[in-house]
file upload.cif (mmCIF, C-alpha atoms)
data_coords
loop_
_atom_site.label_atom_id
_atom_site.label_comp_id
_atom_site.auth_asym_id
_atom_site.auth_seq_id
_atom_site.Cartn_x
_atom_site.Cartn_y
_atom_site.Cartn_z
CA MET W 1 8.64 -18.31 -18.23
CA ASP W 2 10.59 -21.01 -19.94
CA GLN W 3 12.87 -22.59 -17.42
CA ALA W 4 14.34 -25.15 -19.81
CA ILE W 5 17.94 -24.85 -20.73
CA ASP W 6 18.43 -23.08 -24.01
CA PRO W 7 20.09 -25.77 -26.17
CA THR W 8 22.31 -23.29 -27.98
CA ARG W 9 23.95 -22.27 -24.75
CA HIS W 10 23.85 -25.54 -22.92
CA GLY W 11 27.42 -26.44 -23.65
CA GLN W 12 28.72 -23.13 -22.36
CA ARG W 13 27.46 -23.75 -18.88
CA LYS W 14 29.18 -25.87 -16.32
CA SER W 15 26.32 -25.59 -13.94
CA ALA W 16 23.42 -23.30 -13.34
CA MET W 17 24.78 -22.38 -9.94
CA LEU W 18 28.14 -21.33 -11.30
CA ALA W 19 26.57 -19.37 -14.12
CA HIS W 20 24.37 -17.57 -11.67
CA ALA W 21 27.26 -16.80 -9.35
CA LYS W 22 29.32 -15.37 -12.21
CA THR W 23 26.69 -12.91 -13.20
CA ALA W 24 25.51 -12.31 -9.68
CA PHE W 25 26.06 -8.61 -9.56
CA PHE W 26 27.60 -7.26 -12.66
CA PRO W 27 27.59 -8.86 -16.07
CA ALA W 28 30.47 -6.72 -17.24
CA PRO W 29 33.00 -4.26 -15.77
CA ALA W 30 31.17 -1.97 -13.43
CA PRO W 31 30.02 1.22 -15.15
CA ALA W 32 30.54 4.59 -13.54
CA LEU W 33 27.27 6.48 -13.36
CA ARG W 34 27.35 10.16 -12.71
CA ARG W 35 23.72 11.03 -12.30
CA THR W 36 22.53 12.50 -9.01
CA GLY W 37 26.15 13.05 -8.14
CA VAL W 38 26.65 9.47 -7.04
CA VAL W 39 29.68 7.95 -8.70
CA LEU W 40 29.09 4.29 -9.06
CA ARG W 41 31.81 1.72 -8.99
CA LEU W 42 30.35 -1.49 -7.80
CA PRO W 43 32.91 -3.99 -6.63
CA GLN W 44 32.18 -7.44 -8.04
CA GLN W 45 30.15 -9.75 -5.82
CA MET W 46 29.20 -7.04 -3.35
CA THR W 47 25.67 -6.14 -2.47
CA PRO W 48 24.98 -2.67 -3.83
CA GLN W 49 23.78 -0.20 -1.23
CA ALA W 50 20.76 2.07 -1.42
CA PRO W 51 22.43 5.08 -3.15
CA GLU W 52 23.90 2.82 -5.84
CA LEU W 53 20.58 1.08 -6.41
CA ASN W 54 18.83 4.44 -6.68
CA ALA W 55 21.43 5.66 -9.18
CA LEU W 56 21.04 2.49 -11.25
CA LEU W 57 17.29 2.97 -11.35
CA ILE W 58 17.69 6.61 -12.37
CA ALA W 59 20.06 5.49 -15.13
CA VAL W 60 17.39 3.10 -16.39
CA ALA W 61 14.84 5.92 -16.38
CA ALA W 62 17.06 8.50 -18.02
CA ASP W 63 19.08 6.44 -20.50
CA ARG W 64 17.29 3.10 -20.80
CA ASP W 65 20.62 1.81 -19.53
CA ARG W 66 20.56 -1.97 -19.99
CA ARG W 67 23.64 -2.62 -17.93
CA ALA W 68 22.12 -0.75 -15.01
CA PHE W 69 18.98 -2.80 -15.54
CA ALA W 70 20.95 -6.05 -15.49
CA ALA W 71 22.51 -5.06 -12.17
CA LEU W 72 19.10 -4.19 -10.72
CA PHE W 73 17.72 -7.47 -12.01
CA ASP W 74 20.48 -9.46 -10.35
CA HIS W 75 19.96 -7.67 -7.09
CA PHE W 76 16.20 -7.48 -6.90
CA ALA W 77 14.70 -10.38 -8.86
CA PRO W 78 15.91 -13.05 -6.38
CA ARG W 79 14.58 -10.96 -3.49
CA VAL W 80 11.22 -10.38 -5.12
CA LYS W 81 11.00 -14.12 -5.77
CA ALA W 82 11.81 -14.78 -2.11
CA TYR W 83 9.12 -12.29 -1.08
CA LEU W 84 6.51 -14.02 -3.23
CA LEU W 85 7.54 -17.44 -1.95
CA ARG W 86 7.15 -16.18 1.62
CA LEU W 87 3.61 -15.14 0.72
CA GLY W 88 2.80 -18.63 -0.45
CA ALA W 89 3.25 -18.39 -4.23
CA SER W 90 4.39 -21.60 -5.95
CA PRO W 91 8.01 -21.55 -7.16
CA ALA W 92 6.90 -21.32 -10.80
CA LEU W 93 4.52 -18.43 -10.11
CA ALA W 94 7.06 -16.65 -7.91
CA GLU W 95 9.60 -16.94 -10.74
CA ASP W 96 7.16 -15.58 -13.33
CA LEU W 97 6.06 -12.68 -11.14
CA ALA W 98 9.61 -11.82 -10.10
CA GLN W 99 10.48 -11.53 -13.79
CA GLU W 100 7.34 -9.53 -14.43
CA ALA W 101 8.12 -7.19 -11.53
CA LEU W 102 11.51 -6.43 -13.03
CA LEU W 103 9.95 -5.85 -16.44
CA SER W 104 7.62 -3.39 -14.69
CA LEU W 105 10.65 -1.70 -13.21
CA TRP W 106 11.89 -1.11 -16.77
CA ARG W 107 8.49 0.17 -17.92
CA LYS W 108 7.85 2.37 -14.88
CA ALA W 109 11.35 3.63 -14.11
CA HIS W 110 10.42 7.17 -15.19
CA LEU W 111 7.89 7.29 -12.33
CA PHE W 112 10.55 6.57 -9.70
CA ASP W 113 11.10 9.57 -7.42
CA PRO W 114 14.17 9.14 -5.21
CA ALA W 115 12.89 11.90 -2.91
CA LYS W 116 9.93 9.72 -1.98
CA ALA W 117 11.25 6.18 -1.80
CA SER W 118 14.40 4.13 -2.13
CA ALA W 119 14.73 1.76 -5.07
CA ALA W 120 14.05 -1.17 -2.71
CA THR W 121 10.90 0.42 -1.32
CA TRP W 122 9.69 1.36 -4.78
CA LEU W 123 10.24 -2.17 -6.02
CA PHE W 124 8.53 -3.54 -2.93
CA THR W 125 5.40 -1.56 -3.90
CA ILE W 126 5.57 -2.96 -7.45
CA ALA W 127 5.87 -6.53 -6.17
CA ARG W 128 3.12 -5.97 -3.60
CA ASN W 129 0.71 -4.63 -6.22
CA LEU W 130 1.56 -7.33 -8.73
CA ARG W 131 0.78 -9.97 -6.11
CA ILE W 132 -2.56 -8.35 -5.26
CA ASP W 133 -3.50 -8.11 -8.96
CA THR W 134 -2.45 -11.57 -10.03
CA ILE W 135 -2.59 -13.83 -6.97
CA ARG W 136 -5.39 -12.26 -4.99
CA ARG W 137 -7.19 -11.06 -8.13
CA GLU W 138 -8.20 -7.80 -6.55
CA ARG W 139 -7.62 -4.26 -7.58
CA ARG W 140 -5.16 -2.27 -5.54
CA PRO W 141 -6.76 1.11 -4.75
CA GLU W 142 -3.81 3.40 -5.43
CA LEU W 143 -3.45 7.06 -4.69
CA HIS W 144 -3.38 9.26 -7.73
CA PRO W 145 -0.94 12.18 -7.72
CA GLU W 146 -3.52 14.39 -9.42
CA ASP W 147 -5.33 14.63 -6.11
CA PHE W 148 -2.52 16.44 -4.38
CA MET W 149 -0.07 17.61 -7.00
CA PRO W 150 -0.75 21.37 -6.73
CA GLU W 151 0.15 21.85 -3.08
CA GLY W 152 2.99 19.35 -3.19
CA GLU W 153 4.16 17.20 -0.34
CA PRO W 154 5.35 18.51 3.00
CA MET W 155 8.64 16.68 2.90
CA ALA W 156 12.00 18.34 2.67
CA ASP W 157 13.84 15.02 2.48
CA ASP W 158 16.08 14.59 -0.49
CA GLY W 159 17.18 11.21 -1.80
CA LEU W 160 20.29 11.08 0.37
CA ALA W 161 18.43 11.77 3.61
CA LEU W 162 16.04 9.04 2.59
CA ALA W 163 18.88 6.58 2.04
CA ASP W 164 20.11 7.41 5.55
CA ASP W 165 16.61 6.75 6.83
CA GLU W 166 16.62 3.38 5.15
CA ALA W 167 19.97 2.41 6.63
CA ARG W 168 18.70 3.42 10.10
CA LEU W 169 15.47 1.55 9.52
CA ARG W 170 17.25 -1.65 8.56
CA ALA W 171 19.46 -1.38 11.62
CA ALA W 172 16.41 -0.77 13.82
CA LEU W 173 14.62 -3.79 12.33
CA LYS W 174 17.60 -5.98 13.18
CA GLU W 175 17.48 -4.81 16.76
CA LEU W 176 13.81 -5.48 17.38
CA PRO W 177 13.09 -8.23 19.90
CA ALA W 178 12.12 -11.51 18.23
CA ASP W 179 8.43 -11.31 19.18
CA GLN W 180 8.17 -7.82 17.68
CA ILE W 181 9.98 -8.55 14.41
CA GLN W 182 7.72 -11.58 14.06
CA VAL W 183 4.53 -9.50 13.98
CA VAL W 184 6.11 -6.91 11.69
CA GLU W 185 7.22 -9.62 9.26
CA LEU W 186 3.87 -11.34 9.39
CA SER W 187 2.20 -8.00 8.66
CA PHE W 188 4.14 -7.91 5.39
CA PHE W 189 4.52 -11.58 4.53
CA ALA W 190 1.37 -13.29 5.76
CA ASP W 191 -1.39 -11.52 3.81
CA LYS W 192 -3.66 -11.86 6.82
CA PRO W 193 -5.49 -9.51 9.13
CA HIS W 194 -4.02 -9.08 12.59
CA SER W 195 -6.82 -11.11 14.11
CA GLN W 196 -5.76 -14.13 12.05
CA ILE W 197 -2.10 -13.61 12.84
CA ALA W 198 -3.11 -13.67 16.53
CA ALA W 199 -5.00 -16.92 16.04
CA GLU W 200 -2.05 -18.56 14.31
CA LEU W 201 0.48 -17.46 16.88
CA ASP W 202 -2.02 -18.54 19.53
CA ILE W 203 -1.83 -15.20 21.32
CA PRO W 204 -4.59 -12.66 21.98
CA LEU W 205 -5.25 -9.98 19.34
CA GLY W 206 -4.36 -7.36 21.95
CA THR W 207 -0.89 -8.89 22.24
CA VAL W 208 -0.35 -8.69 18.47
CA LYS W 209 -1.42 -5.07 18.56
CA SER W 210 0.76 -4.16 21.51
CA ARG W 211 3.81 -5.87 19.99
CA LEU W 212 3.16 -4.00 16.77
CA ARG W 213 2.80 -0.74 18.69
CA LEU W 214 6.11 -1.29 20.46
CA ALA W 215 7.81 -2.19 17.18
CA MET W 216 6.34 0.88 15.45
CA ALA W 217 7.53 3.16 18.24
CA ARG W 218 11.10 1.92 17.77
CA LEU W 219 10.95 2.03 13.97
CA LYS W 220 9.48 5.51 13.99
CA ARG W 221 12.39 6.76 16.00
CA ALA W 222 14.63 5.40 13.25
CA LEU W 223 12.50 6.99 10.54
CA GLY W 224 12.05 10.35 12.16
CA GLU W 225 8.87 10.95 14.07
CA VAL W 226 5.64 11.39 12.15
CA SER W 227 2.75 11.17 14.53
CA MET O 1 -19.27 14.24 26.40
CA ILE O 2 -18.10 14.96 22.89
CA GLN O 3 -14.35 14.98 22.68
CA HIS O 4 -12.76 17.81 20.78
CA HIS O 5 -10.10 16.65 18.42
CA HIS O 6 -7.45 18.88 16.99
CA ARG O 7 -7.94 19.62 13.29
CA ASP O 8 -4.73 19.95 11.32
CA THR O 9 -4.07 22.46 8.55
CA GLU O 10 -5.96 20.28 6.08
CA GLY O 11 -8.93 20.24 8.44
CA ILE O 12 -8.55 16.58 9.36
CA ALA O 13 -8.85 15.40 12.96
CA HIS O 14 -9.29 11.62 12.66
CA HIS O 15 -6.61 9.46 11.09
CA PRO O 16 -6.07 5.70 10.69
CA SER O 17 -3.97 4.00 13.38
CA ASP O 18 -0.48 2.75 12.55
CA ALA O 19 -1.79 -0.81 12.53
CA LEU O 20 -4.52 0.03 10.02
CA LEU O 21 -2.22 2.08 7.82
CA LEU O 22 0.27 -0.77 7.96
CA THR O 23 -2.25 -3.23 6.52
CA TYR O 24 -2.63 -0.89 3.53
CA ALA O 25 1.12 -0.30 3.14
CA SER O 26 1.96 -4.00 3.40
CA GLY O 27 -0.78 -5.07 1.00
CA ALA O 28 -2.45 -7.30 3.62
CA ALA O 29 -5.67 -5.25 3.75
CA ASP O 30 -8.46 -6.41 1.52
CA GLU O 31 -9.71 -4.19 -1.27
CA ALA O 32 -12.49 -2.43 0.64
CA VAL O 33 -10.27 -1.51 3.59
CA SER O 34 -7.53 -0.46 1.17
CA LEU O 35 -10.02 1.73 -0.67
CA ILE O 36 -11.15 3.63 2.41
CA VAL O 37 -7.61 4.09 3.73
CA ALA O 38 -6.38 5.27 0.32
CA THR O 39 -9.32 7.66 0.02
CA HIS O 40 -8.46 9.12 3.43
CA MET O 41 -4.86 9.50 2.26
CA SER O 42 -5.96 11.43 -0.79
CA TYR O 43 -7.24 14.09 1.65
CA CYS O 44 -4.39 13.81 4.11
CA SER O 45 -0.74 14.64 3.38
CA LEU O 46 0.25 13.50 6.87
CA CYS O 47 -1.00 9.97 6.24
CA ARG O 48 0.55 9.91 2.77
CA LEU O 49 3.87 10.54 4.47
CA ARG O 50 3.13 8.00 7.22
CA GLY O 51 2.19 5.49 4.52
CA ARG O 52 5.44 6.04 2.66
CA LYS O 53 7.40 5.49 5.85
CA LEU O 54 5.58 2.22 6.46
CA GLU O 55 6.25 1.13 2.88
CA ALA O 56 9.92 1.75 3.61
CA ILE O 57 9.68 -1.07 6.18
CA GLY O 58 8.55 -3.29 3.30
CA GLY O 59 11.55 -2.12 1.28
CA ALA O 60 13.91 -2.87 4.17
CA LEU O 61 12.40 -6.32 4.71
CA LEU O 62 12.70 -7.04 0.97
CA GLU O 63 16.36 -6.02 1.00
CA ASP O 64 17.07 -8.34 3.89
CA LEU O 65 15.27 -11.41 2.56
CA PRO O 66 17.62 -14.26 1.66
CA PRO O 67 17.60 -14.17 -2.19
CA ALA O 68 15.86 -17.10 -3.90
CA ALA O 69 17.60 -18.77 -6.86
CA LEU O 70 16.12 -17.84 -10.23
CA ALA O 71 15.75 -19.91 -13.35
CA ARG O 72 19.11 -19.88 -15.09
CA ASP O 73 17.91 -17.97 -18.13
CA ALA O 74 15.75 -15.55 -16.14
CA ARG O 75 17.74 -12.41 -16.79
CA GLU O 76 18.25 -13.12 -20.49
CA ALA O 77 14.54 -13.88 -20.84
CA VAL O 78 13.55 -10.53 -19.33
CA MET O 79 16.23 -8.55 -21.15
CA ALA O 80 15.02 -9.97 -24.44
CA LYS O 81 11.68 -8.27 -23.77
CA LEU O 82 13.00 -4.82 -22.94
CA ASP O 83 13.04 -3.41 -26.45
CA SER O 84 9.40 -4.15 -27.08
CA ALA O 85 8.22 -3.11 -23.59
CA GLN O 86 6.21 0.10 -23.75
CA PRO O 87 6.85 2.74 -21.07
CA TYR O 88 4.02 2.65 -18.56
CA GLU O 89 1.55 5.51 -18.73
CA ARG O 90 -0.52 6.34 -15.72
CA PRO O 91 -4.20 6.33 -16.63
CA VAL O 92 -5.91 9.69 -16.58
CA VAL O 93 -8.86 9.43 -14.23
CA SER O 94 -10.07 12.89 -13.44
CA SER O 95 -9.62 16.59 -13.87
CA GLY O 96 -10.82 19.68 -12.11
CA ALA O 97 -10.46 21.59 -8.89
CA ALA O 98 -9.17 20.58 -5.48
CA LEU O 99 -10.81 17.96 -3.28
CA LYS O 100 -12.13 20.69 -0.99
CA ASP O 101 -14.36 21.84 -3.83
CA HIS O 102 -16.24 18.56 -3.83
CA ARG O 103 -14.05 16.87 -6.33
CA THR O 104 -14.20 13.12 -6.04
CA PRO O 105 -10.88 11.54 -5.02
CA ALA O 106 -9.34 9.80 -8.04
CA VAL O 107 -8.88 6.54 -6.15
CA LEU O 108 -12.61 6.39 -5.46
CA ARG O 109 -13.86 7.28 -8.93
CA PRO O 110 -13.61 3.84 -10.56
CA TYR O 111 -15.64 2.38 -7.70
CA ILE O 112 -18.54 4.80 -7.91
CA GLY O 113 -18.67 5.26 -11.66
CA GLY O 114 -17.03 8.70 -11.74
CA ASP O 115 -18.27 11.80 -10.01
CA LEU O 116 -19.83 11.74 -6.55
CA ALA O 117 -22.30 14.36 -7.80
CA ARG O 118 -23.65 11.93 -10.41
CA VAL O 119 -24.12 8.89 -8.22
CA ARG O 120 -27.58 7.32 -8.34
CA TRP O 121 -28.78 6.98 -4.78
CA ARG O 122 -31.19 4.35 -3.48
CA ARG O 123 -33.64 5.41 -0.82
CA MET O 124 -33.55 3.86 2.62
CA GLY O 125 -36.30 5.88 4.26
CA PRO O 126 -37.07 9.59 3.92
CA ARG O 127 -33.72 10.91 5.16
CA LEU O 128 -31.15 8.28 4.31
CA SER O 129 -29.96 6.81 1.04
CA TYR O 130 -27.13 4.53 0.01
CA VAL O 131 -25.22 2.96 -2.88
CA PRO O 132 -23.76 -0.54 -2.53
CA LEU O 133 -20.30 -0.55 -4.10
CA PHE O 134 -19.01 -4.08 -3.68
CA ARG O 135 -18.94 -6.96 -1.26
CA ARG O 136 -16.45 -9.79 -0.77
CA GLY O 137 -17.54 -12.31 1.82
CA ALA O 138 -18.41 -10.41 4.97
CA VAL O 139 -16.61 -7.24 3.85
CA ALA O 140 -18.79 -4.62 2.16
CA ALA O 141 -18.16 -1.12 0.85
CA ARG O 142 -20.99 1.37 0.34
CA LEU O 143 -21.80 5.05 0.12
CA LEU O 144 -24.20 6.46 2.70
CA ARG O 145 -26.01 9.79 2.55
CA GLY O 146 -28.05 11.56 5.22
CA VAL O 147 -29.84 14.89 5.20
CA PRO O 148 -28.92 17.23 8.10
CA GLY O 149 -30.26 15.82 11.36
CA ALA O 150 -30.65 12.29 9.98
CA GLY O 151 -29.37 9.54 12.25
CA SER O 152 -28.39 6.02 11.25
CA GLY O 153 -29.94 4.64 14.43
CA LEU O 154 -28.08 3.20 17.38
CA HIS O 155 -26.08 0.23 16.21
CA SER O 156 -23.11 -1.94 17.07
CA HIS O 157 -20.75 -3.96 14.89
CA GLN O 158 -19.28 -7.34 14.45
CA GLY O 159 -15.81 -6.76 13.13
CA LEU O 160 -14.84 -3.26 12.05
CA GLU O 161 -16.90 -0.39 10.74
CA LEU O 162 -14.82 2.23 8.95
CA THR O 163 -16.44 5.50 7.94
CA LEU O 164 -14.85 8.25 5.85
CA VAL O 165 -16.62 11.57 5.38
CA LEU O 166 -16.66 12.76 1.77
CA GLN O 167 -19.04 15.70 2.20
CA GLY O 168 -20.77 17.44 5.11
CA GLY O 169 -20.19 15.88 8.51
CA TYR O 170 -21.66 13.95 11.40
CA THR O 171 -21.41 13.77 15.16
CA ASP O 172 -21.61 10.85 17.56
CA VAL O 173 -20.61 10.16 21.15
CA THR O 174 -16.94 9.96 20.13
CA GLY O 175 -16.74 13.31 18.37
CA ASN O 176 -17.35 15.26 15.22
CA TYR O 177 -16.32 14.09 11.76
CA GLY O 178 -15.83 16.21 8.64
CA PRO O 179 -14.48 15.69 5.11
CA GLY O 180 -11.41 13.46 5.10
CA ASP O 181 -11.97 12.20 8.67
CA LEU O 182 -11.83 8.44 9.14
CA GLN O 183 -13.69 6.82 12.03
CA VAL O 184 -12.94 3.25 13.01
CA MET O 185 -15.44 1.48 15.26
CA GLU O 186 -14.20 -1.81 16.61
CA ASP O 187 -16.03 -4.99 17.37
CA GLY O 188 -18.87 -4.44 19.82
CA MET O 189 -18.72 -0.61 19.98
CA ARG O 190 -22.09 1.15 19.76
CA HIS O 191 -22.82 4.58 18.37
CA ASN O 192 -25.57 6.70 16.93
CA PRO O 193 -24.14 9.09 14.34
CA VAL O 194 -26.29 12.09 13.33
CA ALA O 195 -25.65 14.20 10.22
CA ASP O 196 -24.55 17.76 10.98
CA PRO O 197 -26.46 20.87 9.87
CA GLY O 198 -25.56 22.31 6.47
CA GLU O 199 -25.17 20.18 3.37
CA ASP O 200 -26.04 16.49 3.18
CA CYS O 201 -23.53 14.18 4.82
CA ILE O 202 -21.98 11.66 2.42
CA ASN O 203 -19.75 8.90 3.74
CA LEU O 204 -17.83 6.00 2.34
CA ALA O 205 -18.42 3.09 4.73
CA VAL O 206 -16.73 -0.28 4.98
CA THR O 207 -17.90 -3.02 7.31
CA THR O 208 -16.10 -6.29 7.91
CA GLY O 209 -19.06 -7.90 9.65
CA ARG O 210 -22.77 -7.33 10.16
CA LEU O 211 -24.18 -4.30 11.91
CA THR O 212 -26.69 -4.86 14.68
CA PHE O 213 -29.34 -2.20 15.12
CA ASP O 214 -31.05 -1.59 18.42
CA SER O 215 -34.51 -0.69 17.03
CA LEU O 216 -36.85 -3.46 15.89
CA MET O 217 -37.78 -1.68 12.65
CA GLN O 218 -34.15 -1.38 11.66
CA LYS O 219 -33.43 -4.96 12.67
CA ILE O 220 -36.05 -5.96 10.11
CA ALA O 221 -35.03 -3.46 7.44
CA ALA O 222 -31.23 -3.77 7.64
CA PRO O 223 -30.89 -7.12 5.81
CA LEU O 224 -33.07 -5.83 2.97
CA PHE O 225 -30.50 -3.15 2.31
CA GLY O 226 -27.59 -5.51 2.61
CA PHE O 227 -26.30 -4.36 6.00
#

call {"tool": "encode", "arguments": {"input": "upload.cif", "output": "structure tokens"}}
result
Amino acid sequence: MDQAIDPTRHGQRKSAMLAHAKTAFFPAPAPALRRTGVVLRLPQQMTPQAPELNALLIAVAADRDRRAFAALFDHFAPRVKAYLLRLGASPALAEDLAQEALLSLWRKAHLFDPAKASAATWLFTIARNLRIDTIRRERRPELHPEDFMPEGEPMADDGLALADDEARLRAALKELPADQIQVVELSFFADKPHSQIAAELDIPLGTVKSRLRLAMARLKRALGEVS
Amino acid sequence: MIQHHHRDTEGIAHHPSDALLLTYASGAADEAVSLIVATHMSYCSLCRLRGRKLEAIGGALLEDLPPAALARDAREAVMAKLDSAQPYERPVVSSGAALKDHRTPAVLRPYIGGDLARVRWRRMGPRLSYVPLFRRGAVAARLLRGVPGAGSGLHSHQGLELTLVLQGGYTDVTGNYGPGDLQVMEDGMRHNPVADPGEDCINLAVTTGRLTFDSLMQKIAAPLFGF
């Protein structure tokens, strides 16, 4: 993407930082969204929480709501860029793919199902797949709903229960011991098999696996047990 | 000493471990491992749910990443593309009855050229045949087929050998495997799977290193077939 300053707007900007800060979360007065029963009034400069993000994404799907999209962009694009940087993408590529991920959000919003994932989790899967396609140049073998549509899924969770799960999960992640959060993070941000993670941390593979097992046991408690 | 494993309501007794499922959910697994895990998940609602819960860890980690600064015109650049962006349509890949009736999982179809029933097998002796699917470095994916009573021969592995039953079943020292079951043999483990009575046993197999056969004939033949 073109990172040069648009000459027509150059004079309007004091600095890129300030401009970014001004538009950080809402470009205009916060809209009130009344889909899914969640009334949205985002205070300026505050990080939107899972139910708000879900409602924004549903507004994009239902109404092609550009203001909701702008809010999602401001929240997620910098995080997706950070994710790609953590996985070793160059800053220019991370920028391009972060923008592309958000464009995918616009194009795929109608596929978002709040009963199955939070907006953050859904966007994580978009960013993950985009990275596999473009950086690793592999196909991502994805499940196809046709295979199991008729019988449906054995999950009674609605979107709100899922948002609770996510809040519990984030709290549980913060409470993991440092050696456990390290292997969980590396599992997501290193793009390496566990054997290689073990080699880099200079610990036996068995230790990586046991740390992961301990971490999973704690996280599962937060997520509700699924054996 | 065959162990008896509990079969769930979908008839599946052998599932991927958390660590293996995590490599698929995080995007760290390579394409062949992703393919076999995803194909298992297309049979297994339990693992679809487990997979979604693991993806939620990715969502939570994404939410908690320190945001990276974007190019100053990033949002405007993406929003300028929204009007011309076409809504994403999921490709149609298959149609027909349920997986139990020998339908080929949608995720597998692009890799085997469509229907399992129309695959062109290559002979590997009177009772075994195979189809190489793809190989990247030491990681290979293939289809294997044995008539009832056929054995692959006693062998051990460098790296992992993952086997997913697509049709029929087989038995080895660790237990009995039927459609949807995933067996993971780790580095150095030896087994001698034999196809069960009834219909031919068809497996999707992924190896991340070479197999070592105990018999001299197979030692000679294996490299010819790309094992």

call {"tool": "resolve_selection", "arguments": {"input": "upload.cif", "expression": "the PyMOL selection byres ((chain W) within 7 of (chain O))", "output": "PyMOL selection string"}}
result
chain W and resi 3+16+20+73+78-79+81-83+95+99+103+107-108+120-121+124+128+138-144+147+153+166+170+187-188+191-193+226

call {"tool": "atom_distance", "arguments": {"input": "upload.cif", "atom1": "atom CA of Asp113 of chain W", "atom2": "atom CA of Leu169 of chain W"}}
result
19.2 Å

call {"tool": "atom_distance", "arguments": {"input": "upload.cif", "atom1": "atom CA of Arg145 of chain O", "atom2": "atom CA of Ala117 of chain O"}}
result
11.9 Å

call {"tool": "resolve_selection", "arguments": {"input": "upload.cif", "expression": "the PyMOL selection byres ((chain W and resi 217) around 12)", "output": "PyMOL selection string"}}
result
(chain W and resi 169+172-173+176+180+210-216+218-227) or (chain O and resi 18-19+54)

call {"tool": "atom_distance", "arguments": {"input": "upload.cif", "atom1": "atom CA of Thr174 of chain O", "atom2": "atom CA of Asn192 of chain O"}}
result
9.8 Å
